[in-house]
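Here is the structure we will look at, set down as structure tokens.
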Amino acid sequence: MFNSSFFKLVFGLPLFLALTACQPQAVPVPITVEIPSTVVVQQTLIVTVPVAVPPPAFATPHPILSDLRIRQGIAHCTDRAALISAVYPWLPDPTVLEMDSFAPRDHWAYTEAIVRYSFDPEKGKALLEQAGWTLPEGAAYRQNTAGEELALKLTTTDAALRQAWAVVFEEQMATCGLRIVRFHTPASWFFGETTGLARRDFEIAAFAWAFVHDPGGRTQYLCDAIPTPANGWDGQNFMGWCNETADAAIRTATTSLSQETRREAYRIFQEEFTQDVPSLPLFARPIVNVASPALENFVPSTSGVYTWNAAQWHIPGKDRIVLGEGSEPASLFALELAYVSKVIQTLVHGLDYYSLNYDYQPIMLKQLPSPENGAVTIQTVEAREGKAVVDADGKVVELKSGVRLLGADGHAFEFAGGSVQLNQLSVKYEFVDGLRWSDGTPVTKADYELAYRVMCDPETGAAEFLSQLPACEKIADVDFVSDMAYVVTWLPGYQDALYFLPPFSRQPAHQMISDGRRLADVPASEWSTLPEVTRTPLGVGPYVIQEWEYGQRIVLAANPYYYAGPSATPNIIVRFVEPTQTLLALRSGEIDVLGWDSINLNQVEDLLKAQEAGDVRVFITPSNTYEHIDFNFYIP
């Protein structure tokens with residue numbers, strides 16, 4: 001589900017997180033929390049400065065949050081639609097962004113077999129009452145038999161988005177008799193290495209998770225992933241939640257190679273997760289794409305580049321489609337990661353596979369390899385001390401005493417020396433017949449060999465000049481078996497759930513560059529300076545670059561050698577448009593498509609008005625980043 005590093009989760013999210021800087025602003029409600037050792041943050045908050053104190057043992061259940069009825073009551077008292085409207089008041093239907101599990105509703109791992117907590121304040125009040133918190137006559141907040149008020153501190157960042165919805169959440173809880181004390185802190189403290197979440201210094205905490213194609217969940221939900229002083233604060237299970245059934249399900253889901261087995265394991269996990277309510281999913285942030293009403297076959301995905309099926313786009317009576325982009329790519333080299341580069345790379349290089357709403361589909365990859373179709377073999381090998389293996393955290397390490405490894409049952413264990421039996425995966429990646437470069441030359445195994453050598457072999461110097469593929473170091477061996485297939489043998493211990501995705505693609509070994517050398521003979525250290533690689537690359541995709549007018553546009557024509565046949569539209573033009581001009585250009589028909597990466601969310605209200613006038617179509621879909629609340633089961 002998430003990246004292995006928490007800081008990648010929070011600060012290294014996909015590019016659409018930049019959109020949050022443009023969310024509607026909310027005026028924070030003044031809150032004063034009188035605690036020793038304080039400093040003023042902004043003008044409305046007082047935040048505790050961390051001081052040196054003995055670390056807590058985290059052995060004492062929280063007197064309020066350890067009661068399941070309280071957590072379920074909070075869930076029923078939460079009106080997600082109102083929270084969403086506080087942040088995105090222009091959204092026609094807030095329910096499209098609502099989250100009720102740890103996975104989005106369009107994800108392959110999502111299950112309907114969950115416990116749902118509808119917005120029902122009366123049911124929420126009844127649960128709080130059952131938990132021993134009653135509302136005295138004339139009182140605003142509930143009390144227990146000792147006369148203590150039902151109050152919880154909500155710790156989160158001072159981002160405008162969270163200040164907006166947290167105000168509404170506070171009001172919703174007050175309706176049920178629960179006082180929420182909002183504690184908005186700087187992100188540097190909240191996500192610090194020795195503060196905030198990392199030390200589980202909260203009662204309830206609100207932040208965002210980024211959801212990716214594989215759900216994962218080991219570092220977030222396993223019992224041994226609870227950060228405590230005893231384990232050096234290792235792990236991301238900030239709630240302190242330990243459910244043996246959920247624990248076993250996550251271990252199965254993250255070690256099995258069968259998607260059906262994994263789907264069933266995630267079903268079991270979600271049943272336990274939603275029953276126990278260690279965390280309350282709230283809502284996803286939106287992605288907005290816009291297109292001409294006449295454009296056919298435009299299918300933006302929540303988890304990929306919007307040009308993924310551009311070869312099928314068509315506007316009746318037009319021989320070109322114009323894309324608007326608010327920025328210009330620095331390079332079109334295959335390892336350039338900027339989203340605008342990916343938009344155009346997809347047109348030129350094509351896609352071996354694509355994730356449509358988190359479910360992978362083969363495109364130029366003939367099939368997704370699996371043990372069932374014979375493309376995957378698993379051997380048990382003897383790994384000896386000193387050899388390279390993949391450890392329990394998915395990192396390549398030298399095998400030595402103390403290294404944590406992952407067993408076939410999903411449980412981690414420490415290597416004690418000598419040797420150990422580990423699984424080793426070999427996967428055959430086979431591509432469709434008929435792939436040709438845009439100059440008509442057939443793709444051969446030399447092209448796959450070049451891609452592997454340049455992108456993965458450290459002796460080429462690629463790591464110094466290019467963004468080396470992260471999977472490279474986990475490869476033990478590659479066998480280029482034909483012009484259409486290669487077999488990767490992964491290091492012992494490798495159990496990545498996305499094993500079926502080819503780790504590298506192809507590069508045109510035959511291509512001649514301006515000085516007369518073949519691309520295959522050019523050192524990798526020079527590739528980033530070659531216009532043949534960065535500006536006018538050969539590709540096997542549906543389009544080929546004809547012209548790049550810097551600062552203005554890129555003109556592409558249909559690739560006559562595209563394996564799937566002629567594209568539906570002969571030409572695609574990418575125009576670089578000032579953000580202030582995008583709406584006018586859309587309404588006038590100067591551009592036909594505007595991707596989410598070029599849309600400021602402050603523009604969406606005007607775009608929706610343009611849709612009502614029939615000038616555009618607006619596509620609003622949930623992104624893979626969602627807001628949620630964690631409940632701390634123990635006294636911080």
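The chains in the structure tokens are called A, B, ... from first to last as shown; in each chain the residues are counted from 1, and the ligands are counted from 1 in the order shown.
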Proximity check segment 57-109 of chain A to segment 359-374 of chain A, 10 Å, nearest pairs one decimal Å, only C-alpha atoms, as a tab-separated table:
residue	atom	partner	partner_atom	distance
A:Asp106	CA	A:Asp359	CA	9.0
A:His107	CA	A:Asp359	CA	7.0
A:Trp108	CA	A:Asp359	CA	6.1
A:Ala109	CA	A:Asp359	CA	9.2
Legend entry - Backbone DSSP call of helix (DSSP H, G or I) for segment 113-328 of chain A, listed as a VMD selection string: chain A and resid 121 to 130 160 to 175 187 to 190 196 to 199 218 to 221 223 to 225 229 to 231 244 to 253 259 to 276 310 to 312
Inset, instruction - Go ahead and compute the interatomic distance for atom CA of Phe183 of chain A and atom CA of Pro281 of chain A, in Å to one decimal. - result: 19.5 Å
Legend entry - Test item: residues at most 12 Å from Gly138 of chain A, only C-alpha atoms, excluding those fewer than 4 positions along its chain, as a count of residues only: 3
Each residue of segment 369-477 of chain A lying at most 7 Å from segment 558-575 of chain A should get a row with its shortest atom-to-atom pair and the distance in Å to one decimal, counting only C-alpha atoms; could you produce that, ordered by chain and increasing number, as a tab-separated table?
residue	atom	partner	partner_atom	distance
A:Gly434	CA	A:Tyr563	CA	5.7
A:Leu435	CA	A:Tyr563	CA	5.5
A:Arg436	CA	A:Tyr561	CA	6.0
A:Ser438	CA	A:Tyr561	CA	5.9
A:Gly440	CA	A:Tyr561	CA	6.0
Legend entry - Who sits within 12 Å of Lys609 of chain A, only C-alpha atoms, same chain under 2 positions skipped, as a PyMOL selection string: chain A and resi 90-92+583+587+603-607+611-618
Next, dump the selected residues to file, keeping only N, CA and C atoms, as a tab-separated table (two decimals), in the first residue's frame.
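Result went into result-v6.tsv, see below:
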chain	number	residue	atom	x	y	z
A	90	TRP	N	-16.60	23.47	-4.07
A	90	TRP	CA	-17.08	23.44	-5.46
A	90	TRP	C	-17.44	22.03	-5.92
A	91	LEU	N	-17.13	21.01	-5.14
A	91	LEU	CA	-17.31	19.63	-5.59
A	91	LEU	C	-18.80	19.29	-5.67
A	92	PRO	N	-19.30	18.91	-6.85
A	92	PRO	CA	-20.74	18.62	-6.98
A	92	PRO	C	-21.21	17.48	-6.09
A	583	LEU	N	-8.13	28.26	-19.04
A	583	LEU	CA	-9.59	28.21	-19.14
A	583	LEU	C	-10.07	28.85	-20.44
A	587	ARG	N	-12.13	26.95	-23.46
A	587	ARG	CA	-13.47	27.38	-23.89
A	587	ARG	C	-13.47	27.78	-25.36
A	603	GLN	N	-9.28	26.86	-9.95
A	603	GLN	CA	-9.94	27.06	-11.23
A	603	GLN	C	-11.16	26.16	-11.42
A	604	VAL	N	-11.31	25.17	-10.56
A	604	VAL	CA	-12.30	24.13	-10.83
A	604	VAL	C	-13.73	24.68	-10.85
A	605	GLU	N	-14.02	25.62	-9.97
A	605	GLU	CA	-15.37	26.18	-9.96
A	605	GLU	C	-15.71	26.81	-11.31
A	606	ASP	N	-14.75	27.52	-11.91
A	606	ASP	CA	-14.97	28.12	-13.23
A	606	ASP	C	-15.07	27.03	-14.30
A	607	LEU	N	-14.28	25.97	-14.14
A	607	LEU	CA	-14.36	24.87	-15.10
A	607	LEU	C	-15.72	24.19	-15.05
A	611	GLN	N	-18.46	23.71	-17.94
A	611	GLN	CA	-19.11	22.43	-18.27
A	611	GLN	C	-20.62	22.61	-18.39
A	612	GLU	N	-21.21	23.39	-17.48
A	612	GLU	CA	-22.64	23.65	-17.55
A	612	GLU	C	-23.02	24.34	-18.86
A	613	ALA	N	-22.09	25.17	-19.37
A	613	ALA	CA	-22.34	25.86	-20.64
A	613	ALA	C	-22.08	24.98	-21.85
A	614	GLY	N	-21.58	23.76	-21.61
A	614	GLY	CA	-21.32	22.83	-22.70
A	614	GLY	C	-19.98	23.01	-23.38
A	615	ASP	N	-19.08	23.81	-22.76
A	615	ASP	CA	-17.79	24.09	-23.40
A	615	ASP	C	-16.73	23.02	-23.12
A	616	VAL	N	-16.83	22.35	-21.97
A	616	VAL	CA	-15.82	21.36	-21.60
A	616	VAL	C	-16.50	20.21	-20.87
A	617	ARG	N	-15.72	19.14	-20.66
A	617	ARG	CA	-16.12	18.07	-19.75
A	617	ARG	C	-15.09	18.01	-18.62
A	618	VAL	N	-15.58	17.96	-17.39
A	618	VAL	CA	-14.69	17.92	-16.23
A	618	VAL	C	-14.74	16.52	-15.62
Inset, instruction - List every residue of segment 207-455 of chain A that DSSP, applied to the backbone of this structure, places in strand (DSSP E or B), and write the result as a count of residues only. - result: 70
Inset, instruction - Can you work out which one of A:Pro61, A:Pro442, A:Pro636, A:Pro104 has the shortest atom-to-atom distance to Gln511 of chain A, counting only C-alpha atoms? - result: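 Checking each of A:Pro61, A:Pro442, A:Pro636, A:Pro104 against Gln511 of chain A, counting only C-alpha atoms, the winner is A:Pro442.
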Legend entry - Minimum-distance residue to Leu491 of chain A, chosen among A:Ser588, A:Ser426, A:Thr536, A:Thr529 (using only C-alpha atoms): A:Ser426
Inset, instruction - Can you work out the spacing between atom CA of Glu526 of chain A and atom CA of Asp447 of chain A in Å, to one decimal? - result: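 Taking atom CA of Glu526 of chain A as the start and atom CA of Asp447 of chain A as the end point, the length is 17.8 Å.
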What's the 9 Å shell around His349 of chain A, counting only C-alpha atoms, without same-chain residues fewer than 2 positions away, as an mmCIF file with N, CA and C atoms, in the first residue's frame?
data_model
loop_
_atom_site.group_PDB
_atom_site.id
_atom_site.type_symbol
_atom_site.label_atom_id
_atom_site.label_comp_id
_atom_site.auth_asym_id
_atom_site.auth_seq_id
_atom_site.Cartn_x
_atom_site.Cartn_y
_atom_site.Cartn_z
ATOM 1 N N ALA A 334 13.888 8.149 -21.005
ATOM 2 C CA ALA A 334 12.942 7.234 -20.367
ATOM 3 C C ALA A 334 12.982 7.267 -18.843
ATOM 4 N N ILE A 344 4.428 12.899 -22.301
ATOM 5 C CA ILE A 344 4.901 12.849 -23.690
ATOM 6 C C ILE A 344 5.658 11.551 -23.963
ATOM 7 N N GLN A 345 6.428 11.076 -22.979
ATOM 8 C CA GLN A 345 7.116 9.795 -23.158
ATOM 9 C C GLN A 345 6.136 8.681 -23.506
ATOM 10 N N THR A 346 4.977 8.695 -22.859
ATOM 11 C CA THR A 346 3.974 7.661 -23.117
ATOM 12 C C THR A 346 3.555 7.660 -24.579
ATOM 13 N N LEU A 347 3.465 8.832 -25.183
ATOM 14 C CA LEU A 347 3.112 8.931 -26.604
ATOM 15 C C LEU A 347 4.225 8.383 -27.489
ATOM 16 N N LEU A 351 3.755 2.020 -23.750
ATOM 17 C CA LEU A 351 3.718 1.441 -22.414
ATOM 18 C C LEU A 351 3.759 -0.080 -22.495
ATOM 19 N N PRO A 537 13.861 11.251 -29.250
ATOM 20 C CA PRO A 537 14.158 9.822 -29.107
ATOM 21 C C PRO A 537 13.345 8.968 -30.078
ATOM 22 N N LEU A 538 13.966 7.889 -30.520
ATOM 23 C CA LEU A 538 13.194 6.866 -31.221
ATOM 24 C C LEU A 538 12.335 6.143 -30.196
ATOM 25 N N GLY A 539 11.156 5.712 -30.606
ATOM 26 C CA GLY A 539 10.286 4.986 -29.703
ATOM 27 C C GLY A 539 9.515 3.921 -30.433
ATOM 28 N N VAL A 540 8.732 3.154 -29.682
ATOM 29 C CA VAL A 540 7.875 2.131 -30.275
ATOM 30 C C VAL A 540 6.413 2.450 -29.987
ATOM 31 N N GLY A 541 6.166 3.665 -29.495
ATOM 32 C CA GLY A 541 4.819 4.078 -29.138
ATOM 33 C C GLY A 541 4.011 4.573 -30.322
ATOM 34 N N PRO A 542 2.800 5.090 -30.077
ATOM 35 C CA PRO A 542 1.885 5.455 -31.156
ATOM 36 C C PRO A 542 2.249 6.735 -31.898
ATOM 37 N N TYR A 543 3.179 7.542 -31.340
ATOM 38 C CA TYR A 543 3.510 8.817 -31.973
ATOM 39 C C TYR A 543 5.021 9.029 -32.010
ATOM 40 N N VAL A 544 5.449 9.903 -32.929
ATOM 41 C CA VAL A 544 6.858 10.256 -33.071
ATOM 42 C C VAL A 544 6.971 11.779 -33.120
#
Inset, instruction - Find the residues around Ser256 of chain A up to 10 Å (only C-alpha atoms counted), leave out those fewer than 3 positions away in its own chain, and share them as a list in words. - result: Arg251, Thr252, Ala253, Gln259, Glu260, Thr261, Arg262, Ala265, Ala408, Asp409, Gly410, Gln495, Asp496 and Ala497 of chain A
Could those selected residues go to a file with N, CA and C atoms, as a short mmCIF file (atom, residue, chain, number, x, y, z; two decimals), in the first residue's frame?
data_model
loop_
_atom_site.label_atom_id
_atom_site.label_comp_id
_atom_site.auth_asym_id
_atom_site.auth_seq_id
_atom_site.Cartn_x
_atom_site.Cartn_y
_atom_site.Cartn_z
N ARG A 251 0.54 -10.53 6.60
CA ARG A 251 1.73 -11.32 6.27
C ARG A 251 1.48 -12.17 5.02
N THR A 252 0.29 -12.77 4.94
CA THR A 252 -0.04 -13.56 3.75
C THR A 252 -0.14 -12.66 2.52
N ALA A 253 -0.79 -11.53 2.67
CA ALA A 253 -1.01 -10.64 1.53
C ALA A 253 0.29 -10.07 0.98
N GLN A 259 -2.50 -13.23 -6.78
CA GLN A 259 -3.36 -12.09 -6.49
C GLN A 259 -4.66 -12.52 -5.82
N GLU A 260 -5.18 -13.68 -6.19
CA GLU A 260 -6.42 -14.13 -5.56
C GLU A 260 -6.20 -14.44 -4.07
N THR A 261 -5.06 -15.04 -3.76
CA THR A 261 -4.73 -15.29 -2.35
C THR A 261 -4.59 -13.98 -1.61
N ARG A 262 -3.94 -13.03 -2.26
CA ARG A 262 -3.73 -11.73 -1.64
C ARG A 262 -5.06 -11.00 -1.47
N ALA A 265 -6.75 -12.36 1.50
CA ALA A 265 -6.08 -11.93 2.73
C ALA A 265 -6.43 -10.48 3.06
N ALA A 408 9.00 -17.75 4.29
CA ALA A 408 7.90 -18.01 3.36
C ALA A 408 6.54 -17.77 4.00
N ASP A 409 6.48 -17.84 5.35
CA ASP A 409 5.21 -17.63 6.04
C ASP A 409 4.94 -16.16 6.34
N GLY A 410 5.85 -15.29 5.92
CA GLY A 410 5.65 -13.86 6.12
C GLY A 410 6.23 -13.34 7.41
N GLN A 495 10.82 -10.79 -2.65
CA GLN A 495 9.42 -11.21 -2.67
C GLN A 495 8.50 -10.03 -2.99
N ASP A 496 8.97 -9.13 -3.83
CA ASP A 496 8.18 -7.94 -4.14
C ASP A 496 6.85 -8.33 -4.78
N ALA A 497 5.77 -7.71 -4.30
CA ALA A 497 4.44 -8.04 -4.82
C ALA A 497 4.27 -7.65 -6.29
#
Inset, instruction - For Ser331 of chain A, please output as an NGL selection string all residues within 8 Å (counting only C-alpha atoms; exclusion window: fewer than 5 positions along the same chain). - result: :A and (336 or 341 or 534-535)
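Each of A:Phe169, A:Trp548, A:Trp209, A:Tyr266 was checked against Tyr110 of chain A using only C-alpha atoms; the smallest atom-to-atom distance is that of A:Tyr266.
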